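Here the structure is laid out as structure tokens; the discussion comes afterwards.
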Amino acid sequence: MTLTSTEPAAHRQDAADQLAAALRRMPDPTAAAGHTRRLEEQLATVFGARHAVALSSGTAALHTALAGYGIGPGDEVLVPGATVVMTVAAVLMTGATPVLVDSTPVLDLDFDDLAAKTTSRTRAIVPVHLAGRPCDLTRLTEFAARAGLRVIEDACQAQGSRLDGRPVGTFGDVGCFSMKDGKVLWSGEGGYILTDDAEFAARARSFTTHGFLPAPGRPAGSRLGHNYRLAEPLAVIASANLERFDDLLEQRHRQTRLLTDLLTDVRGLRPVQAGPREQWNHYGPLLRLTLARPRDFCRRLAEQGIANSVGTYGLTTADRLPSLAEHSLQPCPTALRSLDETLAVVVHGGHSDEQLRAMARTITQEARRWPST
Ligand SMILES: Cc1ncc(COP(=O)(O)O)c(C=O)c1O
């Protein structure tokens, strides 16, 4: 089995053997294969968290985190407007009300708006490290502590990103991650939670397996939960990728450097750089656009085969998503403008240098033809 085209043959063989063993055991539901448990131990060690809970997706991780802290109907949860639908959907799944927070012009969380929207009903903040850029978690956790709020980090795009040397997803009460393909650490589908809170971890484990497991103050089978378990073969894939996590990160860094270096002098494009406290996982190269109608430019690139967040996936602020229209979410004009002006190119481990060079040529050509502001 080939996990990716770039990994060493010995590693591939090992992962293939483990996967074959997991598949042989699968027909027997009583055979505890232990791959998920092993993955959880590995995750906790690699990220320096006391507990890791593996589950079926990043959305499941967010839902489990919110539910695990008892957030539900009548509660408000602060969420950046600049995020994907899944962050907001997870809040809605609990019955709580999402309250959107605007961004600064450079797509950081707007702390004035955050403070203005915090009410007596607010229970939690979900900072989103979009494109692997860490939020200012120091300021955020201080704010949350003063206001008595939980911090549930949406680090789904940010495995391996750090702030002041510390991995994002380990600052708040819980960090939530996705392992969908395309993420730096991937297993096809999947997710995980990191936390130092042992009681929360036990509640999360129970919630993700129909309440079959006991949780503090809650005997096994006394409450409903969900089937949010990670399938064992996916745990094998995740473990194999976690063992070469540094290489996967280094590969993204190299790919991002290659693409952004080739685009540095192109009119209308300016690579976005990490701040001095930040280490990005380089989920994808980020470029600031000073071209006319930047959203249309991103769409044009998508038509030319350059996958990007705005042009290909329609990334916009959550209040503008048709699927959330009935919730009348707060407009976030500054976040909208900054998303429009940000070209986030989709890069993954399968891209060769030659493909990246070809992508840079297409982007350059299109930018040269496009009117500037
Ligand atoms: C920022 C963010 N939050 C949440 C999710 C949800 O993760 P999943 O697709 O694994 O449910 C994603 C997935 O792409 C994401 O990028």
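Just so we're on the same page: first chain in the structure tokens is A, next is B, and so on; residues restart at 1 for each chain, and ligands are numbered from 1 in the order they show up.
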Exercise. Got a sec to check which residues lie within 9 Å of ligand 1, using only C-alpha atoms and all ligand atoms, and send them as a PyMOL selection string?
Worked result: chain A and resi 56-62+83-88+90+128-132+154-158+176-183+189-191
For this session: Mind the document's chain letters and residue numbers, and return as a ChimeraX atom specification the residues of stretch 77-249 of chain A that DSSP labels helix (DSSP H, G or I).
Result: /A:85-94,111-116,130-132,137-147,198-207,232-243,245-249
For this session: Extract, using only C-alpha atoms, all DNA, RNA and protein residues at most 8 Å from A:Leu339, discarding same-chain residues fewer than 5 positions from it, and format them as a PyMOL selection string.
Result: chain A and resi 82+107+310+315-317
Problem set entry | Polymer residues at most 10 Å from A:Phe297, only C-alpha atoms, same-chain spacing of 2 or more positions, as a PyMOL selection string | chain A and resi 289+291-295+299-303+310-311+340-341+343+363+366-367+370-371
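The closest residue to A:Ala235, picked from A:Leu137, A:Leu185, A:Leu249, A:Leu78 and counting only C-alpha atoms, is A:Leu185.
Distance check against A:Pro333 using only C-alpha atoms: of A:Ser372, A:Thr30, A:Thr104, A:Thr36, the minimum falls on A:Thr104.
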Exercise. Using only C-alpha atoms, which of A:Leu92, A:Leu140, A:Leu286, A:Ala358 sits nearest A:Asp112?
Worked result: A:Leu140
Seminar exercise, completed: One residue among A:Leu19, A:Leu259, A:Met93, A:Val77 is nearest to A:His226 when using only C-alpha atoms, and that residue is A:Met93
Exercise. Near A:Thr97, counting only C-alpha atoms, which residues have an atom at most 8 Å away, once you skip same-chain residues fewer than 2 positions from it, shown as JSON, numbers by chain?
Worked result: {"A": [73, 74, 75, 76, 77, 91, 92, 95, 99]}
Restricting it to all heavy atoms, dump the selection as an mmCIF file, in the first residue's frame.
```
data_model
loop_
_atom_site.group_PDB
_atom_site.id
_atom_site.type_symbol
_atom_site.label_atom_id
_atom_site.label_comp_id
_atom_site.auth_asym_id
_atom_site.auth_seq_id
_atom_site.Cartn_x
_atom_site.Cartn_y
_atom_site.Cartn_z
ATOM 1 N N PRO A 73 -28.455 24.684 24.757
ATOM 2 C CA PRO A 73 -29.471 25.709 24.516
ATOM 3 C C PRO A 73 -29.412 26.833 25.553
ATOM 4 O O PRO A 73 -29.230 26.575 26.749
ATOM 5 C CB PRO A 73 -30.792 24.929 24.621
ATOM 6 C CG PRO A 73 -30.410 23.518 24.269
ATOM 7 C CD PRO A 73 -29.017 23.318 24.782
ATOM 8 N N GLY A 74 -29.531 28.062 25.063
ATOM 9 C CA GLY A 74 -29.482 29.224 25.957
ATOM 10 C C GLY A 74 -28.090 29.817 26.087
ATOM 11 O O GLY A 74 -27.926 30.955 26.534
ATOM 12 N N ASP A 75 -27.068 29.053 25.703
ATOM 13 C CA ASP A 75 -25.680 29.540 25.788
ATOM 14 C C ASP A 75 -25.274 30.215 24.479
ATOM 15 O O ASP A 75 -25.776 29.870 23.403
ATOM 16 C CB ASP A 75 -24.715 28.372 26.036
ATOM 17 C CG ASP A 75 -24.972 27.687 27.368
ATOM 18 O OD1 ASP A 75 -25.470 28.368 28.287
ATOM 19 O OD2 ASP A 75 -24.684 26.476 27.476
ATOM 20 N N GLU A 76 -24.312 31.138 24.603
ATOM 21 C CA GLU A 76 -23.724 31.755 23.410
ATOM 22 C C GLU A 76 -22.256 31.357 23.303
ATOM 23 O O GLU A 76 -21.567 31.228 24.323
ATOM 24 C CB GLU A 76 -23.823 33.286 23.494
ATOM 25 C CG GLU A 76 -25.255 33.774 23.355
ATOM 26 C CD GLU A 76 -25.398 35.283 23.512
ATOM 27 O OE1 GLU A 76 -24.367 35.984 23.687
ATOM 28 O OE2 GLU A 76 -26.547 35.746 23.458
ATOM 29 N N VAL A 77 -21.818 31.159 22.080
ATOM 30 C CA VAL A 77 -20.415 30.792 21.833
ATOM 31 C C VAL A 77 -19.851 31.757 20.790
ATOM 32 O O VAL A 77 -20.441 31.937 19.718
ATOM 33 C CB VAL A 77 -20.313 29.328 21.324
ATOM 34 C CG1 VAL A 77 -18.867 28.974 20.995
ATOM 35 C CG2 VAL A 77 -20.885 28.367 22.356
ATOM 36 N N VAL A 91 -21.303 24.344 16.901
ATOM 37 C CA VAL A 91 -21.999 25.102 17.958
ATOM 38 C C VAL A 91 -23.505 24.849 17.837
ATOM 39 O O VAL A 91 -24.193 24.572 18.834
ATOM 40 C CB VAL A 91 -21.695 26.614 17.850
ATOM 41 C CG1 VAL A 91 -22.497 27.405 18.880
ATOM 42 C CG2 VAL A 91 -20.197 26.877 18.001
ATOM 43 N N LEU A 92 -24.007 24.914 16.615
ATOM 44 C CA LEU A 92 -25.449 24.708 16.405
ATOM 45 C C LEU A 92 -25.875 23.299 16.812
ATOM 46 O O LEU A 92 -26.974 23.101 17.322
ATOM 47 C CB LEU A 92 -25.804 24.974 14.942
ATOM 48 C CG LEU A 92 -25.703 26.453 14.524
ATOM 49 C CD1 LEU A 92 -25.772 26.591 13.005
ATOM 50 C CD2 LEU A 92 -26.813 27.284 15.183
ATOM 51 N N GLY A 95 -27.105 23.079 20.223
ATOM 52 C CA GLY A 95 -28.292 23.878 20.571
ATOM 53 C C GLY A 95 -27.928 25.271 21.049
ATOM 54 O O GLY A 95 -28.807 26.096 21.317
ATOM 55 N N VAL A 99 -22.130 33.297 17.965
ATOM 56 C CA VAL A 99 -22.058 34.757 17.823
ATOM 57 C C VAL A 99 -20.765 35.050 17.082
ATOM 58 O O VAL A 99 -19.680 34.719 17.560
ATOM 59 C CB VAL A 99 -22.063 35.438 19.211
ATOM 60 C CG1 VAL A 99 -21.871 36.948 19.073
ATOM 61 C CG2 VAL A 99 -23.362 35.117 19.951
#
```
With a distance cut-off of 12 Å and only C-alpha atoms, select the neighbouring residues of A:Ser328, excluding the residue or stretch itself and same-chain residues fewer than 4 positions from it, and output the selection as a tab-separated table (two decimals) with N, CA and C atoms, in the first residue's frame.
```tsv
chain	number	residue	atom	x	y	z
A	97	THR	N	-26.07	29.16	20.70
A	97	THR	CA	-26.15	30.19	19.67
A	97	THR	C	-24.74	30.66	19.29
A	98	PRO	N	-24.36	30.53	18.02
A	98	PRO	CA	-23.06	31.07	17.61
A	98	PRO	C	-23.14	32.59	17.46
A	99	VAL	N	-22.13	33.30	17.97
A	99	VAL	CA	-22.06	34.76	17.82
A	99	VAL	C	-20.77	35.05	17.08
A	100	LEU	N	-20.90	35.65	15.90
A	100	LEU	CA	-19.71	35.85	15.06
A	100	LEU	C	-18.92	37.09	15.47
A	318	ALA	N	-18.96	33.41	7.73
A	318	ALA	CA	-20.01	32.44	7.98
A	318	ALA	C	-21.41	33.04	7.81
A	319	ASP	N	-21.55	34.35	8.07
A	319	ASP	CA	-22.89	34.97	7.95
A	319	ASP	C	-23.40	34.94	6.52
A	320	ARG	N	-22.50	34.76	5.56
A	320	ARG	CA	-22.90	34.80	4.15
A	320	ARG	C	-23.16	33.41	3.56
A	321	LEU	N	-23.01	32.38	4.38
A	321	LEU	CA	-23.19	31.02	3.85
A	321	LEU	C	-24.67	30.68	3.77
A	322	PRO	N	-25.14	30.25	2.61
A	322	PRO	CA	-26.56	29.94	2.46
A	322	PRO	C	-27.05	28.92	3.50
A	323	SER	N	-26.20	27.95	3.85
A	323	SER	CA	-26.65	26.91	4.78
A	323	SER	C	-26.88	27.45	6.19
A	324	LEU	N	-26.35	28.67	6.47
A	324	LEU	CA	-26.53	29.24	7.81
A	324	LEU	C	-27.49	30.44	7.78
```
Exercise. Hey, can you check how far atom CA of A:Gly68 sits from atom CA of A:Ala198?
Worked result: 11.6 Å
For this session: Find the residues near A:Arg257: any atom within 10 Å, counting only C-alpha atoms, skip ones fewer than 4 places away on the same chain, and give them as JSON, numbers by chain.
Result: {"A": [251, 252, 253, 261, 262, 263, 271, 282, 285]}
Taking only stretch 96-299 of chain A into account, list the residues labelled strand (DSSP E or B) by DSSP (computed from the backbone), as a PDB file with C-alpha atoms, in the first residue's frame.
```
ATOM      1  CA  THR A  97     -26.147  30.195  19.670  1.00  0.00           C
ATOM      2  CA  PRO A  98     -23.060  31.074  17.613  1.00  0.00           C
ATOM      3  CA  VAL A  99     -22.058  34.757  17.823  1.00  0.00           C
ATOM      4  CA  LEU A 100     -19.710  35.849  15.062  1.00  0.00           C
ATOM      5  CA  VAL A 101     -16.687  38.029  15.827  1.00  0.00           C
ATOM      6  CA  SER A 103     -11.379  40.306  12.284  1.00  0.00           C
ATOM      7  CA  LEU A 109      -9.344  38.220  15.792  1.00  0.00           C
ATOM      8  CA  THR A 122     -21.451  33.638  26.669  1.00  0.00           C
ATOM      9  CA  ARG A 123     -19.891  30.331  27.722  1.00  0.00           C
ATOM     10  CA  ALA A 124     -16.991  29.767  25.324  1.00  0.00           C
ATOM     11  CA  ILE A 125     -14.752  31.145  22.587  1.00  0.00           C
ATOM     12  CA  VAL A 128      -9.848  29.306  14.626  1.00  0.00           C
ATOM     13  CA  ARG A 150     -13.936  28.121  28.027  1.00  0.00           C
ATOM     14  CA  VAL A 151     -11.474  28.260  25.137  1.00  0.00           C
ATOM     15  CA  ILE A 152     -12.004  25.528  22.552  1.00  0.00           C
ATOM     16  CA  GLU A 153      -9.392  25.888  19.827  1.00  0.00           C
ATOM     17  CA  ASP A 154     -10.323  25.002  16.275  1.00  0.00           C
ATOM     18  CA  ARG A 162       3.242  27.072  17.213  1.00  0.00           C
ATOM     19  CA  LEU A 163       3.005  30.303  19.149  1.00  0.00           C
ATOM     20  CA  ARG A 166       4.174  25.996  22.027  1.00  0.00           C
ATOM     21  CA  PRO A 167       1.877  23.944  19.757  1.00  0.00           C
ATOM     22  CA  VAL A 174      -9.361  21.769  24.429  1.00  0.00           C
ATOM     23  CA  GLY A 175      -7.688  21.721  21.017  1.00  0.00           C
ATOM     24  CA  CYS A 176      -9.655  20.222  18.124  1.00  0.00           C
ATOM     25  CA  PHE A 177      -7.961  18.839  15.006  1.00  0.00           C
ATOM     26  CA  SER A 178      -8.994  17.299  11.697  1.00  0.00           C
ATOM     27  CA  LYS A 180      -9.111  14.801   6.660  1.00  0.00           C
ATOM     28  CA  ASP A 181      -6.931  14.246   3.616  1.00  0.00           C
ATOM     29  CA  LYS A 183      -4.335  18.279   6.304  1.00  0.00           C
ATOM     30  CA  GLY A 188      -8.357  10.152   5.033  1.00  0.00           C
ATOM     31  CA  GLY A 191      -9.830  14.017  14.061  1.00  0.00           C
ATOM     32  CA  TYR A 192      -8.565  14.307  17.606  1.00  0.00           C
ATOM     33  CA  ILE A 193      -8.869  16.323  20.745  1.00  0.00           C
ATOM     34  CA  LEU A 194      -6.014  17.422  23.009  1.00  0.00           C
ATOM     35  CA  THR A 195      -6.629  18.393  26.610  1.00  0.00           C
ATOM     36  CA  THR A 209     -19.008   6.027  21.811  1.00  0.00           C
ATOM     37  CA  ALA A 215     -17.619   9.360  32.753  1.00  0.00           C
ATOM     38  CA  ARG A 218     -22.054   9.322  35.016  1.00  0.00           C
ATOM     39  CA  ASN A 227     -20.739   7.258  17.191  1.00  0.00           C
ATOM     40  CA  LEU A 269       0.598  39.615  -4.911  1.00  0.00           C
ATOM     41  CA  ARG A 270       2.379  39.901  -1.574  1.00  0.00           C
ATOM     42  CA  PRO A 271       3.324  36.788   0.418  1.00  0.00           C
ATOM     43  CA  GLU A 278       4.583  32.488  15.244  1.00  0.00           C
ATOM     44  CA  GLN A 279       5.697  29.297  13.549  1.00  0.00           C
ATOM     45  CA  LEU A 286      -0.877  32.754   1.696  1.00  0.00           C
ATOM     46  CA  LEU A 287      -0.682  35.829  -0.517  1.00  0.00           C
ATOM     47  CA  ARG A 288      -2.263  39.215  -0.044  1.00  0.00           C
ATOM     48  CA  LEU A 289      -3.954  40.482  -3.215  1.00  0.00           C
ATOM     49  CA  LEU A 291      -5.692  43.352  -7.534  1.00  0.00           C
TER      50      LEU A 291
END
```
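Each of A:Ala67, A:Ala54, A:Ala202, A:Cys135 was checked against A:Val168 using only C-alpha atoms; the smallest atom-to-atom distance is that of A:Cys135.
From atom CA of A:Ala201 back to atom CA of A:Thr64, the distance works out to 9.9 Å.
Atom to atom, atom CA of A:Ala44 and atom CA of A:Pro214 stand 21.4 Å apart.
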